[in-house]
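my_file.cif, holding mmCIF, C-alpha atoms:
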data_coords
#
loop_
_atom_site.label_atom_id
_atom_site.label_comp_id
_atom_site.auth_asym_id
_atom_site.auth_seq_id
_atom_site.Cartn_x
_atom_site.Cartn_y
_atom_site.Cartn_z
CA MET Q 1478 65.40 149.50 168.57
CA THR Q 1479 65.56 145.77 169.13
CA LEU Q 1480 64.62 143.13 166.60
CA THR Q 1481 61.56 142.20 168.65
CA THR Q 1482 60.27 145.76 168.51
CA ALA Q 1483 60.93 145.92 164.77
CA GLU Q 1484 59.04 142.68 164.21
CA GLN Q 1485 56.06 143.91 166.22
CA LEU Q 1486 56.01 147.25 164.38
CA SER Q 1487 56.17 145.47 161.02
CA ALA Q 1488 53.35 143.13 161.99
CA THR Q 1489 50.91 145.86 163.03
CA THR Q 1490 51.39 148.66 160.50
CA LEU Q 1491 50.96 147.21 157.00
CA LEU Q 1492 49.01 144.41 155.36
CA ARG Q 1493 49.10 143.61 151.67
CA PHE Q 1494 46.04 141.74 150.45
CA ALA Q 1495 44.36 140.84 147.19
CA THR Q 1496 40.77 140.15 146.20
CA ALA Q 1497 39.78 137.43 143.73
CA GLY Q 1498 36.66 135.63 142.60
CA SER Q 1499 34.54 134.69 139.62
CA VAL Q 1500 32.96 137.25 137.32
CA ASP Q 1501 30.09 139.21 138.92
CA ASP Q 1502 30.77 137.81 142.39
CA GLY Q 1503 31.12 141.41 143.63
CA LYS Q 1504 34.84 141.95 144.15
CA SER Q 1505 34.86 145.59 143.10
CA THR Q 1506 31.67 146.26 145.07
CA LEU Q 1507 33.28 144.73 148.17
CA VAL Q 1508 36.35 146.89 147.76
CA GLY Q 1509 34.22 149.96 147.18
CA ARG Q 1510 32.13 149.18 150.25
CA LEU Q 1511 35.27 148.63 152.29
CA LEU Q 1512 36.69 151.99 151.24
CA HIS Q 1513 33.37 153.81 151.63
CA ASP Q 1514 32.36 152.46 155.04
CA SER Q 1515 35.85 152.85 156.48
CA LYS Q 1516 35.78 156.50 155.30
CA SER Q 1517 38.87 155.98 153.15
CA ILE Q 1518 37.72 157.86 150.04
CA LEU Q 1519 37.78 161.58 149.32
CA THR Q 1520 34.63 163.64 148.83
CA ASP Q 1521 35.41 164.40 145.18
CA GLN Q 1522 35.94 160.68 144.49
CA LEU Q 1523 32.53 159.86 145.92
CA GLU Q 1524 30.92 162.70 143.97
CA ALA Q 1525 32.48 161.38 140.75
CA VAL Q 1526 31.09 157.91 141.44
CA GLU Q 1527 27.64 159.32 142.23
CA SER Q 1528 27.67 161.31 139.00
CA ALA Q 1529 28.77 158.31 136.92
CA SER Q 1530 26.11 156.17 138.57
CA ARG Q 1531 23.35 158.70 137.79
CA ASN Q 1532 24.49 158.83 134.16
CA ARG Q 1533 23.98 155.06 134.02
CA GLY Q 1534 20.46 155.37 135.44
CA GLN Q 1535 21.32 154.08 138.93
CA GLU Q 1536 19.65 155.69 141.92
CA THR Q 1537 22.39 154.72 144.41
CA PRO Q 1538 26.16 155.06 143.96
CA ASP Q 1539 27.79 152.07 142.29
CA LEU Q 1540 30.72 151.55 144.64
CA ALA Q 1541 32.41 149.20 142.17
CA LEU Q 1542 33.36 152.28 140.14
CA LEU Q 1543 35.82 153.23 142.86
CA THR Q 1544 38.13 150.47 141.61
CA ASP Q 1545 37.03 149.85 138.01
CA GLY Q 1546 38.91 152.83 136.65
CA LEU Q 1547 39.45 151.87 133.01
CA ARG Q 1548 36.80 153.02 130.54
CA ALA Q 1549 36.40 149.46 129.18
CA GLU Q 1550 35.88 148.22 132.74
CA ARG Q 1551 33.11 150.72 133.41
CA GLU Q 1552 31.40 150.04 130.08
CA GLN Q 1553 31.44 146.26 130.49
CA GLY Q 1554 30.98 146.18 134.25
CA ILE Q 1555 34.00 143.92 134.71
CA THR Q 1556 37.50 144.21 136.13
CA ILE Q 1557 40.24 143.85 133.50
CA ASP Q 1558 43.45 144.99 135.16
CA VAL Q 1559 44.76 144.88 138.71
CA ALA Q 1560 43.63 147.98 140.62
CA TYR Q 1561 45.76 148.95 143.59
CA ARG Q 1562 44.30 150.99 146.41
CA TYR Q 1563 45.99 152.35 149.52
CA PHE Q 1564 43.99 153.06 152.65
CA ALA Q 1565 44.40 153.05 156.40
CA THR Q 1566 42.43 152.72 159.61
CA ALA Q 1567 43.49 153.56 163.13
CA ARG Q 1568 44.86 150.04 163.56
CA ARG Q 1569 46.65 149.27 160.30
CA ARG Q 1570 47.69 150.48 156.84
CA PHE Q 1571 46.66 148.49 153.76
CA ILE Q 1572 47.78 147.93 150.19
CA LEU Q 1573 44.93 146.29 148.30
CA ALA Q 1574 45.06 144.62 144.87
CA ASP Q 1575 41.65 144.14 143.23
CA THR Q 1576 42.24 141.41 140.62
CA PRO Q 1577 40.06 140.34 137.66
CA GLY Q 1578 37.77 137.32 137.74
CA HIS Q 1579 37.86 136.23 134.09
CA VAL Q 1580 39.78 133.06 133.25
CA GLN Q 1581 41.87 134.90 130.65
CA TYR Q 1582 43.10 137.30 133.35
CA THR Q 1583 44.50 134.62 135.66
CA ARG Q 1584 47.96 136.12 135.10
CA ASN Q 1585 46.70 139.39 136.54
CA MET Q 1586 45.76 137.62 139.76
CA VAL Q 1587 49.27 136.18 139.94
CA THR Q 1588 50.62 139.71 139.68
CA GLY Q 1589 48.31 141.07 142.36
CA ALA Q 1590 48.71 138.20 144.81
CA SER Q 1591 52.46 137.65 144.41
CA THR Q 1592 53.27 140.03 147.28
CA ALA Q 1593 50.06 139.58 149.27
CA GLU Q 1594 49.95 138.20 152.81
CA LEU Q 1595 46.21 137.60 152.52
CA ALA Q 1596 43.78 136.79 149.72
CA VAL Q 1597 40.04 137.45 149.85
CA VAL Q 1598 38.28 134.93 147.58
CA LEU Q 1599 34.65 135.87 146.87
CA VAL Q 1600 31.90 133.37 146.18
CA ASP Q 1601 28.33 134.15 145.09
CA ALA Q 1602 26.11 132.51 147.71
CA ARG Q 1603 23.65 131.52 144.96
CA ASN Q 1604 26.28 129.67 142.92
CA GLY Q 1605 28.61 128.27 145.57
CA VAL Q 1606 32.14 127.07 144.79
CA VAL Q 1607 32.64 127.15 141.03
CA GLU Q 1608 35.54 126.35 138.74
CA GLN Q 1609 37.03 129.83 138.99
CA THR Q 1610 36.83 129.67 142.79
CA ARG Q 1611 38.98 126.55 142.76
CA ARG Q 1612 41.34 128.18 140.28
CA HIS Q 1613 41.86 131.20 142.53
CA ALA Q 1614 42.36 129.01 145.59
CA ALA Q 1615 45.01 127.07 143.66
CA VAL Q 1616 46.81 130.26 142.62
CA ALA Q 1617 46.80 131.47 146.23
CA ALA Q 1618 48.28 128.14 147.31
CA LEU Q 1619 50.92 128.25 144.57
CA LEU Q 1620 51.96 131.73 145.63
CA ARG Q 1621 52.14 130.61 149.28
CA VAL Q 1622 49.67 133.28 150.44
CA PRO Q 1623 49.56 132.58 154.20
CA HIS Q 1624 45.97 133.67 154.90
CA VAL Q 1625 42.86 133.13 152.76
CA VAL Q 1626 39.45 134.67 153.51
CA LEU Q 1627 36.40 133.08 151.92
CA ALA Q 1628 33.85 135.88 151.56
CA VAL Q 1629 30.47 134.34 150.78
CA ASN Q 1630 28.83 137.33 149.10
CA LYS Q 1631 25.22 138.18 148.22
CA MET Q 1632 23.84 136.54 151.34
CA ASP Q 1633 20.90 138.95 151.03
CA LEU Q 1634 19.85 137.06 147.89
CA VAL Q 1635 19.60 133.75 149.75
CA GLU Q 1636 17.70 135.25 152.67
CA TYR Q 1637 20.80 135.19 154.88
CA ALA Q 1638 20.44 131.41 155.27
CA GLU Q 1639 23.07 129.87 157.54
CA PRO Q 1640 22.94 126.38 155.88
CA VAL Q 1641 23.87 127.92 152.52
CA PHE Q 1642 26.91 129.60 154.04
CA ALA Q 1643 27.93 126.52 156.03
CA GLU Q 1644 27.87 124.22 152.99
CA ILE Q 1645 29.95 126.60 150.86
CA ALA Q 1646 32.45 127.16 153.67
CA LYS Q 1647 32.82 123.42 154.22
CA GLU Q 1648 33.47 122.66 150.54
CA PHE Q 1649 35.95 125.49 150.02
CA THR Q 1650 37.85 124.85 153.26
CA ALA Q 1651 38.36 121.18 152.39
CA TYR Q 1652 39.64 122.06 148.91
CA ALA Q 1653 41.98 124.84 150.02
CA ALA Q 1654 43.34 122.79 152.91
CA SER Q 1655 44.19 119.96 150.50
CA LEU Q 1656 46.42 122.43 148.63
CA GLY Q 1657 48.30 123.35 151.79
CA VAL Q 1658 46.70 126.75 152.52
CA PRO Q 1659 47.60 127.20 156.21
CA GLU Q 1660 44.71 129.40 157.34
CA ILE Q 1661 41.19 129.80 155.96
CA THR Q 1662 38.55 132.14 157.42
CA ALA Q 1663 34.97 132.12 156.09
CA ILE Q 1664 32.79 135.24 156.45
CA PRO Q 1665 29.18 135.66 155.19
CA ILE Q 1666 28.68 139.11 153.67
CA SER Q 1667 26.59 141.31 151.43
CA ALA Q 1668 28.89 143.82 149.78
CA LEU Q 1669 25.98 145.71 148.27
CA ALA Q 1670 24.13 146.11 151.58
CA GLY Q 1671 27.26 146.35 153.73
CA ASP Q 1672 26.57 143.28 155.88
CA ASN Q 1673 29.70 142.12 157.75
CA VAL Q 1674 32.04 144.21 155.60
CA VAL Q 1675 32.85 146.97 158.06
CA GLU Q 1676 29.90 146.77 160.44
CA PRO Q 1677 28.36 143.55 161.83
CA SER Q 1678 25.19 142.42 160.10
CA ALA Q 1679 21.83 142.70 161.85
CA HIS Q 1680 20.49 139.97 159.57
CA MET Q 1681 22.92 137.18 160.53
CA ASP Q 1682 22.83 136.84 164.30
CA TRP Q 1683 23.88 133.21 163.84
CA TYR Q 1684 27.36 134.41 162.77
CA GLY Q 1685 29.66 135.35 165.62
CA GLY Q 1686 32.93 135.86 163.78
CA PRO Q 1687 34.72 139.05 162.66
CA THR Q 1688 33.70 141.40 159.87
CA VAL Q 1689 35.97 141.60 156.85
CA LEU Q 1690 37.64 144.80 158.07
CA GLU Q 1691 38.00 143.51 161.62
CA HIS Q 1692 39.76 140.41 160.33
CA LEU Q 1693 42.02 142.48 158.09
CA GLU Q 1694 42.94 144.68 161.04
CA THR Q 1695 43.75 141.81 163.38
CA VAL Q 1696 45.14 138.98 161.26
CA PRO Q 1697 48.86 138.43 161.96
CA ALA Q 1698 50.74 139.92 159.03
CA SER Q 1699 53.25 137.31 157.94
CA HIS Q 1700 55.59 139.60 156.04
CA ASP Q 1701 58.08 139.42 158.91
CA LEU Q 1702 61.17 139.07 156.74
CA THR Q 1703 63.52 139.17 159.73
CA ALA Q 1704 62.73 135.53 160.51
CA CYS Q 1705 63.83 134.34 157.03
CA HIS Q 1706 67.28 133.35 155.78
CA ALA Q 1707 69.39 136.52 155.63
CA ARG Q 1708 69.92 137.64 152.03
CA PHE Q 1709 71.39 140.86 150.63
CA PRO Q 1710 71.32 141.31 146.81
CA VAL Q 1711 73.92 143.92 145.82
CA GLN Q 1712 72.45 146.74 143.74
CA TYR Q 1713 75.34 149.18 143.53
CA VAL Q 1714 78.98 149.50 144.53
CA ILE Q 1715 79.79 152.84 146.18
CA ARG Q 1716 83.35 154.13 145.63
CA PRO Q 1717 83.37 157.94 146.13
CA GLN Q 1718 87.19 158.19 145.98
CA THR Q 1719 87.10 161.67 147.46
CA ALA Q 1720 89.56 163.38 149.77
CA GLU Q 1721 87.21 162.74 152.69
CA ASN Q 1722 86.67 159.07 151.77
CA PRO Q 1723 89.64 157.93 149.67
CA ASP Q 1724 89.31 154.23 150.50
CA TYR Q 1725 85.57 153.87 151.07
CA ARG Q 1726 84.05 150.82 149.40
CA GLY Q 1727 80.46 149.95 150.20
CA TYR Q 1728 77.87 147.63 148.72
CA ALA Q 1729 74.41 149.18 148.59
CA GLY Q 1730 71.04 147.45 148.31
CA GLN Q 1731 67.89 146.43 150.09
CA ILE Q 1732 68.01 143.54 152.54
CA ALA Q 1733 65.68 140.97 150.99
CA ALA Q 1734 65.28 138.89 154.15
CA GLY Q 1735 66.75 138.32 157.58
CA ALA Q 1736 69.17 140.51 159.49
CA PHE Q 1737 72.89 141.36 159.24
CA ARG Q 1738 75.25 142.33 162.07
CA VAL Q 1739 78.66 143.94 162.24
CA GLY Q 1740 81.30 141.27 162.78
CA GLU Q 1741 79.25 138.54 161.08
CA GLN Q 1742 81.08 136.26 158.64
CA ILE Q 1743 79.49 136.34 155.19
CA THR Q 1744 79.85 134.62 151.83
CA VAL Q 1745 79.53 136.39 148.48
CA LEU Q 1746 77.66 134.33 145.89
CA PRO Q 1747 78.11 132.93 143.33
CA SER Q 1748 81.88 133.38 143.71
CA GLY Q 1749 81.97 131.80 147.19
CA ARG Q 1750 84.46 134.35 148.57
CA THR Q 1751 84.18 135.02 152.29
CA SER Q 1752 84.72 138.05 154.50
CA THR Q 1753 83.39 139.77 157.60
CA ILE Q 1754 80.99 142.70 157.85
CA ALA Q 1755 83.15 145.61 159.01
CA GLY Q 1756 80.35 148.19 159.07
CA ILE Q 1757 76.74 148.91 158.14
CA ASP Q 1758 75.64 152.37 157.00
CA ALA Q 1759 71.94 153.26 157.14
CA LEU Q 1760 70.54 156.73 156.45
CA GLY Q 1761 73.99 158.26 156.74
CA GLU Q 1762 74.77 156.69 160.11
CA SER Q 1763 76.71 153.62 161.18
CA VAL Q 1764 74.61 150.91 162.86
CA ASP Q 1765 75.43 147.57 164.41
CA ILE Q 1766 72.48 145.68 162.96
CA ALA Q 1767 70.10 146.03 160.00
CA TRP Q 1768 67.13 143.93 158.92
CA ALA Q 1769 64.72 143.49 156.02
CA PRO Q 1770 63.41 145.48 154.26
CA GLN Q 1771 65.91 148.25 155.11
CA SER Q 1772 68.08 149.75 152.39
CA VAL Q 1773 71.66 149.90 153.65
CA THR Q 1774 75.30 149.84 152.62
CA LEU Q 1775 77.50 146.99 153.81
CA ARG Q 1776 81.25 147.46 154.26
CA LEU Q 1777 83.44 144.35 154.29
CA ALA Q 1778 86.70 143.75 156.11
CA ASP Q 1779 88.42 142.35 153.00
CA ASP Q 1780 88.90 143.94 149.60
CA ILE Q 1781 87.20 141.28 147.45
CA ASP Q 1782 85.46 141.43 144.11
CA VAL Q 1783 81.78 142.19 144.67
CA SER Q 1784 79.51 143.68 142.01
CA ARG Q 1785 75.86 144.26 141.16
CA GLY Q 1786 73.97 140.98 141.03
CA ASP Q 1787 76.03 139.26 143.70
CA LEU Q 1788 74.26 137.95 146.79
CA ILE Q 1789 75.68 138.37 150.29
CA ALA Q 1790 74.56 135.79 152.86
CA PRO Q 1791 75.80 134.54 156.26
CA THR Q 1792 78.45 131.88 155.74
CA SER Q 1793 76.59 129.57 158.10
CA ASP Q 1794 73.35 129.87 156.08
CA ALA Q 1795 74.39 130.47 152.48
CA PRO Q 1796 72.33 128.93 149.64
CA ALA Q 1797 74.04 126.60 147.20
CA PRO Q 1798 74.43 128.24 143.76
CA THR Q 1799 73.00 126.23 140.88
CA GLN Q 1800 72.73 126.38 137.11
CA ASP Q 1801 69.76 124.00 136.97
CA VAL Q 1802 66.56 125.73 138.06
CA GLU Q 1803 63.44 123.62 138.58
CA ALA Q 1804 60.38 125.73 139.19
CA THR Q 1805 56.70 126.40 138.71
CA VAL Q 1806 55.98 129.33 136.39
CA CYS Q 1807 52.92 131.30 135.44
CA HIS Q 1808 53.22 132.36 131.82
CA VAL Q 1809 52.09 135.98 131.44
CA ALA Q 1810 53.13 136.85 127.87
CA ASP Q 1811 50.93 136.52 124.79
CA THR Q 1812 53.73 134.66 122.99
CA PRO Q 1813 54.26 131.05 124.16
CA LEU Q 1814 57.18 129.69 126.16
CA SER Q 1815 58.71 126.68 124.41
CA VAL Q 1816 61.27 123.98 125.11
CA GLY Q 1817 64.66 125.07 123.78
CA GLN Q 1818 63.80 128.77 123.95
CA ARG Q 1819 66.56 131.21 124.89
CA VAL Q 1820 65.58 133.52 127.73
CA LEU Q 1821 67.02 135.79 130.36
CA ILE Q 1822 66.35 134.93 134.00
CA LYS Q 1823 66.19 137.80 136.49
CA HIS Q 1824 66.65 136.85 140.12
CA THR Q 1825 66.84 139.74 142.61
CA THR Q 1826 69.45 142.09 141.06
CA ARG Q 1827 71.12 139.43 138.89
CA THR Q 1828 70.20 138.76 135.25
CA VAL Q 1829 71.79 135.88 133.31
CA LYS Q 1830 71.23 134.01 130.04
CA ALA Q 1831 69.37 130.72 130.14
CA ILE Q 1832 67.70 128.02 128.06
CA VAL Q 1833 64.36 126.35 128.75
CA LYS Q 1834 65.51 122.72 128.81
CA ASP Q 1835 62.19 121.07 129.57
CA ILE Q 1836 58.54 121.74 130.36
CA PRO Q 1837 57.59 118.51 132.18
CA SER Q 1838 53.96 119.38 132.80
CA ARG Q 1839 51.18 121.94 132.59
CA LEU Q 1840 48.82 122.30 135.54
CA THR Q 1841 45.07 122.18 134.97
CA LEU Q 1842 43.80 124.40 137.77
CA ASP Q 1843 40.22 123.19 137.47
CA ASP Q 1844 41.02 119.78 138.96
CA LEU Q 1845 44.79 120.09 139.65
CA SER Q 1846 45.58 117.38 137.10
CA GLN Q 1847 48.90 117.40 135.23
CA HIS Q 1848 49.15 117.51 131.45
CA PRO Q 1849 52.56 115.88 130.78
CA ASN Q 1850 55.09 117.25 128.29
CA PRO Q 1851 52.97 120.02 126.76
CA GLY Q 1852 55.96 121.35 124.81
CA GLN Q 1853 55.00 124.95 125.48
CA LEU Q 1854 53.07 127.22 127.82
CA VAL Q 1855 50.68 129.89 126.55
CA ALA Q 1856 49.26 132.95 128.29
CA ASN Q 1857 47.78 132.19 131.74
CA ASP Q 1858 49.22 128.65 131.78
CA ILE Q 1859 50.90 127.42 134.94
CA GLY Q 1860 53.46 124.66 134.54
CA ARG Q 1861 56.72 123.10 135.64
CA VAL Q 1862 59.90 124.13 133.86
CA VAL Q 1863 63.57 123.17 133.95
CA VAL Q 1864 65.91 126.02 133.05
CA ARG Q 1865 69.69 125.84 132.55
CA THR Q 1866 71.50 129.10 133.27
CA ALA Q 1867 74.79 130.37 131.84
CA GLU Q 1868 75.98 131.40 135.30
CA PRO Q 1869 75.13 130.06 138.77
CA LEU Q 1870 72.21 131.57 140.68
CA ALA Q 1871 71.82 131.54 144.46
CA LEU Q 1872 68.10 130.77 144.71
CA ASP Q 1873 66.16 129.71 147.75
CA ALA Q 1874 63.09 127.51 147.54
CA TYR Q 1875 60.00 129.68 147.13
CA ALA Q 1876 58.47 127.88 150.10
CA ASP Q 1877 61.32 129.21 152.27
CA SER Q 1878 61.47 132.74 150.86
CA ARG Q 1879 59.03 134.41 148.49
CA ARG Q 1880 61.59 137.19 147.91
CA THR Q 1881 64.65 135.13 146.97
CA GLY Q 1882 62.78 132.09 145.65
CA SER Q 1883 61.06 134.00 142.85
CA PHE Q 1884 62.35 135.08 139.45
CA LEU Q 1885 61.29 136.33 136.03
CA LEU Q 1886 61.89 134.82 132.60
CA ILE Q 1887 62.48 137.62 130.08
CA ASP Q 1888 62.59 137.74 126.28
CA PRO Q 1889 66.21 138.72 125.42
CA ALA Q 1890 65.09 140.32 122.16
CA ASP Q 1891 62.83 143.05 123.54
CA GLY Q 1892 62.87 142.73 127.35
CA THR Q 1893 59.26 141.50 127.59
CA THR Q 1894 58.43 139.56 130.74
CA LEU Q 1895 57.52 136.02 129.71
CA SER Q 1896 56.89 134.12 132.95
CA ALA Q 1897 56.91 134.59 136.70
CA GLY Q 1898 58.70 131.71 138.42
CA MET Q 1899 58.68 130.09 141.85
CA ALA Q 1900 61.65 127.83 142.57
CA GLY Q 1901 61.09 124.42 144.10
CA ASP Q 1902 57.89 122.42 144.59
CA ALA Q 1903 54.49 123.72 143.54
CA PHE Q 1904 52.01 123.16 146.35
CA ALA Q 1905 52.93 122.91 150.01
CA ALA Q 1906 50.90 119.71 150.35
CA GLN Q 1907 51.55 118.24 146.91
CA ALA Q 1908 55.25 118.09 145.97
CA GLU Q 1909 55.60 117.35 142.28
CA HIS Q 1910 58.18 115.20 140.53
CA VAL Q 1911 60.16 117.07 137.87
CA HIS Q 1912 61.74 115.12 135.04
CA GLU Q 1913 65.41 115.72 134.32
CA ALA Q 1914 65.99 117.62 131.11
CA ALA Q 1915 68.09 116.16 128.34
CA ALA Q 1916 71.09 118.20 127.25
CA HIS Q 1917 70.95 119.89 123.84
CA GLN Q 1918 73.88 121.30 121.90
CA ASP Q 1919 73.64 124.89 120.68
CA ASP Q 1920 75.98 126.50 118.21
CA GLU Q 1921 75.22 130.11 119.19
CA GLY Q 1922 76.84 130.20 122.61
CA TRP Q 1923 73.73 129.29 124.59
CA ASP Q 1924 74.68 125.70 125.46
CA PHE Q 1925 75.39 125.58 129.18
#

Conversion result in structure tokens:
Amino acid sequence: MTLTTAEQLSATTLLRFATAGSVDDGKSTLVGRLLHDSKSILTDQLEAVESASRNRGQETPDLALLTDGLRAEREQGITIDVAYRYFATARRRFILADTPGHVQYTRNMVTGASTAELAVVLVDARNGVVEQTRRHAAVAALLRVPHVVLAVNKMDLVEYAEPVFAEIAKEFTAYAASLGVPEITAIPISALAGDNVVEPSAHMDWYGGPTVLEHLETVPASHDLTACHARFPVQYVIRPQTAENPDYRGYAGQIAAGAFRVGEQITVLPSGRTSTIAGIDALGESVDIAWAPQSVTLRLADDIDVSRGDLIAPTSDAPAPTQDVEATVCHVADTPLSVGQRVLIKHTTRTVKAIVKDIPSRLTLDDLSQHPNPGQLVANDIGRVVVRTAEPLALDAYADSRRTGSFLLIDPADGTTLSAGMAGDAFAAQAEHVHEAAAHQDDEGWDF
């Protein structure tokens, strides 16, 4: 199989996407309608929804219950946690993340959209673009989601008026484009009635674009990792030392991005040692080439020190290791992140000690203004941080690679995830200036 064939197969078989929007804009109803009309739910699931709907005094099935699975969600009629759903059509497989709309659950959207190639942002046609709409557009831009769909919902409540849709689409497109979102598609829908979700609407003959499902099936999936910088985080060193394989030494892991070939010169980071790929083992067979996201074992021509957490990259395209990480983070923990705090930073398979040297700014997502030197970040805050690590890390800019440009900040005391980080500039269209952190002495071995 050639690389071209692999790229085409990857682009047509799987799409990861997330839904977002303000409270009561109809996200869960849209997802339920999408699953129902595409015949992607089982009979017993539909019967359970019909029964729950009757118990609530509803004559028709409440399709939102297909995704709102927590008891608190059903009682309150809101989405609290990220709900993942897997479904498929004849043209493509999907992994869907239905994310909450409340402001206090912004961190949940970051979780759901972090691996998405497309985000569906819902807007109530009666309310237009609101504060939470701008917030979700900003998060999508921060996470470098390549495709954004604006689904103007509840068009049936505004008499399917084209001017209403056009004005909302114009305002949102201008805002999202200013953040650097590369592609924006606006679709007028009614999730409750099914207009333009799976089937074209008979009420909006003025709209000639795709339905939501048609767009999802045909949009170019941009998770083609073979075009990125080649990166191989080592997960495990294989040394069987058996009679059949007395000298076998292989480095196992999943290729994070790019492709590797036998005979290619590589550099092991952060040590900087170089060698040549002597062999690649995949599924028990030797191959000449392997690409992301395959899990393989690399064998090197030289017997050098390589261990879990090391990163193998082509010598001609190796990232420069650094101990000073400047990044945008979304704080997800209930406890704050403060300047001077000791943390662990997990990047691919490598985890090292670190200190938060500075928090230059906190981003106000409502208007994208910067609050300078906040001192700390609390739950759902997004801000710039400067982190000094005990050992070098081979990070890429998040704009170049979402896989090797992301990391986690972890509480060393109990292993709680504190923040999700994206190395480099924040928005594609708005590079931010990060202040240099002042050095602080530490008597407990955490001064780097």

> Closest to Phe1709 of chain Q among Q:Glu1676, Q:Glu1660, Q:Asp1501, Q:Asp1787, using all atoms listed in the file?
Replying inline: Q:Asp1787

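Using all atoms listed in the file, the smallest distance between any of Q:Ala1495, Q:Val1607, Q:Leu1788, Q:Ile1836 and Gly1589 of chain Q comes from Q:Ala1495.
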
Expand the PyMOL selection byres ((chain Q and resi 1623) around 8) into the explicit residue set it covers here, and present it as a compact mmCIF listing (two decimals) with C-alpha atoms, keeping the file's coordinate frame.
# COMPACT_ATOMS: atom_id res chain seq x y z
CA GLU Q 1594 49.95 138.20 152.81
CA LEU Q 1595 46.21 137.60 152.52
CA ARG Q 1621 52.14 130.61 149.28
CA VAL Q 1622 49.67 133.28 150.44
CA HIS Q 1624 45.97 133.67 154.90
CA VAL Q 1625 42.86 133.13 152.76
CA VAL Q 1658 46.70 126.75 152.52
CA PRO Q 1659 47.60 127.20 156.21
CA GLU Q 1660 44.71 129.40 157.34
CA SER Q 1699 53.25 137.31 157.94

>> When you look at Ser1667 of chain Q with a cut-off of 10 Å (counting all atoms listed in the file), what residues show up, excluding the ones that are within fewer than 2 positions of it in the same chain? I need them as a list in words.
In response: Gly1503, Thr1506, Leu1507, Arg1510, Asp1601, Ala1602, Ala1628, Val1629, Asn1630, Lys1631, Met1632, Asp1633, Leu1634, Tyr1637, Pro1665, Leu1669, Ala1670, Gly1671, Asp1672, Asn1673, Val1674 and Ser1678 of chain Q

> Once the PyMOL selection byres ((chain Q and resi 1887) around 8) has been applied to the shown file, what residues remain in the selection, as a list in words?
Replying inline: Val1820, Leu1821, Ile1822, Lys1823, Leu1885, Leu1886, Asp1888, Pro1889, Gly1892, Thr1893, Thr1894, Leu1895 and Ser1896 of chain Q

Write a file of the just-selected residues containing C-alpha atoms, as a compact mmCIF listing (two decimals), in the frame of the given file.
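Contents of selection-v9.txt, as written:
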# COMPACT_ATOMS: atom_id res chain seq x y z
CA VAL Q 1820 65.58 133.52 127.73
CA LEU Q 1821 67.02 135.79 130.36
CA ILE Q 1822 66.35 134.93 134.00
CA LYS Q 1823 66.19 137.80 136.49
CA LEU Q 1885 61.29 136.33 136.03
CA LEU Q 1886 61.89 134.82 132.60
CA ASP Q 1888 62.59 137.74 126.28
CA PRO Q 1889 66.21 138.72 125.42
CA GLY Q 1892 62.87 142.73 127.35
CA THR Q 1893 59.26 141.50 127.59
CA THR Q 1894 58.43 139.56 130.74
CA LEU Q 1895 57.52 136.02 129.71
CA SER Q 1896 56.89 134.12 132.95
